[in-house]
Each structure stands twice: as C-alpha cells, then as structure tokens.
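Everything below belongs to coords33.cif, which stores mmCIF, C-alpha atoms.
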data_coords
#
loop_
_atom_site.label_atom_id
_atom_site.label_comp_id
_atom_site.auth_asym_id
_atom_site.auth_seq_id
_atom_site.Cartn_x
_atom_site.Cartn_y
_atom_site.Cartn_z
CA MET D 1 125.80 116.38 47.67
CA SER D 2 127.94 113.87 49.53
CA ASP D 3 129.68 116.67 51.45
CA ALA D 4 126.38 117.87 52.93
CA THR D 5 125.31 114.45 54.18
CA THR D 6 128.63 113.34 55.63
CA PRO D 7 128.78 115.77 58.61
CA SER D 8 125.19 115.10 59.65
CA ARG D 9 125.80 111.35 59.64
CA SER D 10 128.90 111.70 61.76
CA ARG D 11 127.00 113.86 64.26
CA ARG D 12 124.23 111.26 64.50
CA THR D 13 126.66 108.44 65.15
CA ASP D 14 128.47 110.51 67.80
CA ALA D 15 125.20 111.34 69.59
CA ARG D 16 124.04 107.74 69.75
CA PRO D 17 124.55 106.22 73.17
CA ARG D 18 126.97 103.35 73.38
CA LEU D 19 125.75 100.19 75.10
CA ARG D 20 127.88 98.11 77.38
CA ARG D 21 126.97 94.80 78.95
CA VAL D 22 127.28 94.82 82.75
CA THR D 23 126.71 91.93 85.13
CA ARG D 24 125.14 92.71 88.50
CA VAL D 25 124.48 90.38 91.43
CA ILE D 26 121.34 90.80 93.53
CA ARG D 27 122.08 89.45 97.00
CA ASP D 28 119.50 91.07 99.27
CA ILE D 29 115.99 92.50 99.12
CA ASP D 30 115.02 94.84 101.95
CA VAL D 31 112.12 93.14 103.75
CA TRP D 32 110.80 96.42 105.21
CA SER D 33 110.56 97.93 101.71
CA VAL D 34 108.77 94.83 100.45
CA PHE D 35 106.31 95.13 103.34
CA LYS D 36 105.58 98.81 102.65
CA VAL D 37 105.17 98.36 98.89
CA GLY D 38 103.12 95.17 99.33
CA LEU D 39 100.81 96.76 101.89
CA VAL D 40 100.15 99.82 99.74
CA PHE D 41 99.66 97.68 96.62
CA HIS D 42 97.21 95.30 98.28
CA LEU D 43 95.24 98.07 100.02
CA VAL D 44 94.89 100.02 96.76
CA LEU D 45 93.80 96.82 95.01
CA PHE D 46 91.30 96.18 97.83
CA VAL D 47 89.80 99.67 97.50
CA ILE D 48 89.53 99.35 93.71
CA VAL D 49 87.79 95.97 93.95
CA LEU D 50 85.50 97.21 96.74
CA ILE D 51 84.41 100.20 94.63
CA ALA D 52 83.89 97.98 91.58
CA VAL D 53 81.77 95.49 93.53
CA THR D 54 79.73 98.33 95.05
CA LEU D 55 79.07 99.80 91.60
CA LEU D 56 78.13 96.39 90.19
CA TRP D 57 75.77 95.80 93.13
CA GLY D 58 74.12 99.16 92.50
CA VAL D 59 73.65 98.41 88.80
CA ALA D 60 72.31 94.92 89.52
CA ASN D 61 69.93 96.29 92.14
CA SER D 62 68.64 99.08 89.90
CA THR D 63 68.06 96.77 86.93
CA GLY D 64 66.14 94.24 89.03
CA THR D 65 68.69 91.47 88.71
CA ILE D 66 68.89 91.02 92.48
CA ASP D 67 65.11 90.61 92.69
CA ASN D 68 65.18 88.09 89.83
CA VAL D 69 67.85 86.01 91.61
CA GLU D 70 65.87 86.15 94.88
CA ASN D 71 62.68 85.00 93.06
CA PHE D 72 64.65 82.25 91.34
CA PHE D 73 65.81 80.84 94.69
CA GLU D 74 62.31 81.15 96.15
CA SER D 75 61.02 79.03 93.26
CA PHE D 76 63.13 76.13 94.55
CA GLY D 77 61.20 75.93 97.80
CA TRP D 78 62.66 78.58 100.08
CA GLU D 79 59.85 80.52 101.66
CA THR D 80 61.81 83.74 101.88
CA PHE D 81 65.15 84.40 100.32
CA SER D 82 66.74 87.81 100.15
CA PHE D 83 70.17 89.35 99.90
CA ASP D 84 71.15 91.77 102.64
CA GLY D 85 73.40 94.27 100.86
CA SER D 86 74.90 95.82 103.99
CA ALA D 87 75.80 92.42 105.46
CA LEU D 88 77.33 91.32 102.16
CA PHE D 89 79.33 94.56 101.95
CA GLY D 90 80.60 94.19 105.52
CA ASN D 91 81.63 90.58 105.00
CA PHE D 92 83.29 91.42 101.70
CA ALA D 93 85.19 94.31 103.33
CA ALA D 94 86.42 92.07 106.16
CA PHE D 95 87.45 89.35 103.73
CA GLY D 96 89.21 91.91 101.53
CA LEU D 97 91.22 93.35 104.41
CA LEU D 98 92.22 89.86 105.48
CA ALA D 99 93.23 89.04 101.89
CA ALA D 100 95.30 92.27 101.70
CA LEU D 101 97.14 91.37 104.89
CA LEU D 102 97.73 87.79 103.77
CA GLY D 103 98.97 88.97 100.37
CA THR D 104 101.40 91.36 102.03
CA ALA D 105 102.58 88.61 104.37
CA SER D 106 103.19 86.30 101.42
CA TRP D 107 105.33 88.99 99.73
CA VAL D 108 107.37 89.44 102.93
CA ILE D 109 107.83 85.68 103.33
CA GLY D 110 108.91 85.52 99.68
CA ALA D 111 111.50 88.26 100.26
CA VAL D 112 112.86 86.49 103.35
CA MET D 113 113.07 83.21 101.42
CA PHE D 114 114.87 84.98 98.57
CA ASN D 115 117.39 86.46 101.02
CA LEU D 116 118.02 83.07 102.63
CA ILE D 117 118.45 81.28 99.31
CA THR D 118 120.75 83.94 97.85
CA GLU D 119 122.95 83.64 100.95
CA LEU D 120 123.40 79.98 100.13
CA VAL D 121 123.99 80.31 96.40
CA GLY D 122 125.73 83.69 96.30
CA GLY D 123 123.05 85.84 94.72
CA LEU D 124 121.09 86.24 91.53
CA ARG D 125 123.28 87.21 88.58
CA VAL D 126 121.62 89.64 86.17
CA THR D 127 123.12 91.01 82.96
CA VAL D 128 121.93 94.48 81.98
CA LEU D 129 122.77 96.86 79.17
CA GLU D 130 123.90 100.28 80.33
CA GLU D 131 123.85 103.27 78.04
CA GLU D 132 126.90 105.48 78.02
CA VAL D 133 125.95 108.97 76.96
CA VAL D 134 128.83 110.62 75.17
CA LEU D 135 128.71 114.40 75.34
CA ASP D 136 130.00 116.56 72.52
CA SER D 137 132.74 119.07 73.30
CA HIS D 138 130.16 121.87 72.99
CA GLU D 139 127.87 120.22 75.58
CA ARG D 140 130.76 119.70 78.00
CA SER D 141 131.73 123.37 78.04
CA THR D 142 128.25 124.75 78.74
CA PRO D 143 127.40 125.09 82.43
CA ILE D 144 124.39 123.19 83.75
CA GLY D 145 122.66 125.85 85.77
#
This entry written out as structure tokens:
Amino acid sequence: MSDATTPSRSRRTDARPRLRRVTRVIRDIDVWSVFKVGLVFHLVLFVIVLIAVTLLWGVANSTGTIDNVENFFESFGWETFSFDGSALFGNFAAFGLLAALLGTASWVIGAVMFNLITELVGGLRVTVLEEEVVLDSHERSTPIG
C-alpha cells in the first residue's frame, strides 16, 4: 500500500511550482499609456452612467414620478414647474464629458507627479513572488508545435 502512494506523492511535489521572492523597482509610468487607458475608462464609465440615467428617467416618467415631483413643487407657490427631459439630458451629457476629461487629466497629472517623485527617491520598491515552473524530463523532450 505504501509503495503505490509514494510515487504519486513524489510526482505531485515535483509538479508544484517553486516560489521565489523577487524585488522590483518601479521608476517610471508611461504618461501616454496612462492617458489612453484613463480616457477609455472614463468614456466607458460616462456611457454607462448616461444609459443608466436615461433608463431611470424613462422609468420615473412612465410611473408618474416626474409628474408627482412637478406637482409637489407647484404646491409651494410656483405657477408652472416642469422638467425638460431633453435639456436635462443635454446638460448631463456635457457635464459628463467634462468630468471624463477632467478625470483623465487628473490621472495624467498623477502619473507625472509619480515620475517626478520617483526620480527624487529612486523608485518604488515592490516585492513579488514569481513561480518557477519545473518541467519533467518527459515534458522537456516533447516538441511544442
């Protein structure tokens, strides 16, 4: 019984990847890459929020919530109070685009600041664990293609 389990255990321990601790230093972040990723991220976020707000407006309009809010404000003394959906949508779209551009600009400024600070202090030291995959002699001899 012990003879049957011994080879399988040794194979499992040989196949396990070995970990080694490696120290890396991050000294520079490419500002152009930060700009591209930040712009795409903020524009996608803008589109998602714009669609969500449009759907919520449609639900609120179809359930009569918009009319109830308008009547509520008219009860305070306004003679006529109404929401203009197209004007609200246009203003929200303009504000969202401006927010996307400002968010991207803040990411770029952050990357530039990081680069300037790491030039002064020598970088950001990060310790990572790398896996070393040890191949068996059978796996080494088989061609990859």
Next on the checklist: Can you measure atom CA of D:Phe95 to atom CA of D:Gly58 for me? One decimal in Å is fine.
Outcome noted: 20.0 Å
Next on the checklist: Running the PyMOL selection byres ((chain D and resi 19) around 10) on this model by hand, what would come out? Give it as JSON, numbers by chain.
Outcome noted: {"D": [16, 17, 18, 20, 21, 22, 128, 129, 130, 131, 132, 133]}
Item to check | Distance in Å - atom CA of D:Leu97 versus atom CA of D:Gly110 | outcome: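 According to the coordinates, atom CA of D:Leu97 and atom CA of D:Gly110 are separated by 19.9 Å.
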Report as a short mmCIF file (atom, residue, chain, number, x, y, z; two decimals) with C-alpha atoms, in the frame of the given file all protein, DNA and RNA residues lying within 8 Å of stretch 39-46 of chain D, evaluated on all atoms listed in the file, omitting residues in the same chain fewer than 5 positions from it.
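Ended up saving to part-v7.cif:
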data_model
loop_
_atom_site.label_atom_id
_atom_site.label_comp_id
_atom_site.auth_asym_id
_atom_site.auth_seq_id
_atom_site.Cartn_x
_atom_site.Cartn_y
_atom_site.Cartn_z
CA GLY D 96 89.21 91.91 101.53
CA LEU D 97 91.22 93.35 104.41
CA ALA D 100 95.30 92.27 101.70
CA LEU D 101 97.14 91.37 104.89
CA GLY D 103 98.97 88.97 100.37
CA THR D 104 101.40 91.36 102.03
#
Next on the checklist: To one decimal place in Å, what is the distance between atom CA of D:Val34 and atom CA of D:Gly90?
Outcome noted: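 Answer for the atom CA of D:Val34 to atom CA of D:Gly90 separation: 28.6 Å.
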Checklist entry - Between D:Leu120, D:Ala111, D:Val69, D:Val126, which has the minimum distance to D:Ile29 (counting only C-alpha atoms)? => result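 Comparing D:Leu120, D:Ala111, D:Val69, D:Val126 against D:Ile29, the winner is D:Ala111.
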Checklist entry - For D:Ser106, which residue out of D:Leu88, D:Val25, D:Val31, D:Ile51 is the nearest one, using all atoms listed in the file? => result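 Looking at the shortest contact to D:Ser106, the residue is D:Val31.
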Next on the checklist: Can you pull out the residues contacting D:Phe114? Cut-off 12 Å, using only C-alpha atoms, and skip same-chain residues under 5 positions away; I want them as a PyMOL selection string.
Outcome noted: chain D and resi 26-31+34+107-109+119-124
Build an axis-aligned box that encloses every atom of stretch 89-93 of chain D listed in the file, pad it by 8 Å on each side, and report its centre and edge lengths in Å to one decimal, as JSON.
{"center_x": 82.3, "center_y": 92.6, "center_z": 103.6, "size_x": 21.9, "size_y": 20.0, "size_z": 19.8}
Item to check | Distance criterion (all atoms listed in the file): nearest to D:Phe92 out of D:Asn61, D:Thr54, D:Thr127, D:Ser75 | outcome: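 Answer, going by the shortest atom-to-atom distance: D:Thr54.
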Checklist entry - Which residue out of D:Asn68, D:Asn115, D:Thr23, D:Thr63 has the minimum interatomic distance to D:Phe81 when only C-alpha atoms are used? => result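 Checking each of D:Asn68, D:Asn115, D:Thr23, D:Thr63 against D:Phe81, counting only C-alpha atoms, the winner is D:Asn68.
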Checklist entry - Expanded to explicit residues, what is the PyMOL selection byres ((chain D and resi 84) around 12) for this file, as a list in words? => result Trp57, Asn61, Ile66, Asp67, Glu70, Phe81, Ser82, Phe83, Gly85, Ser86, Ala87, Leu88, Phe89, Gly90 and Asn91 of chain D
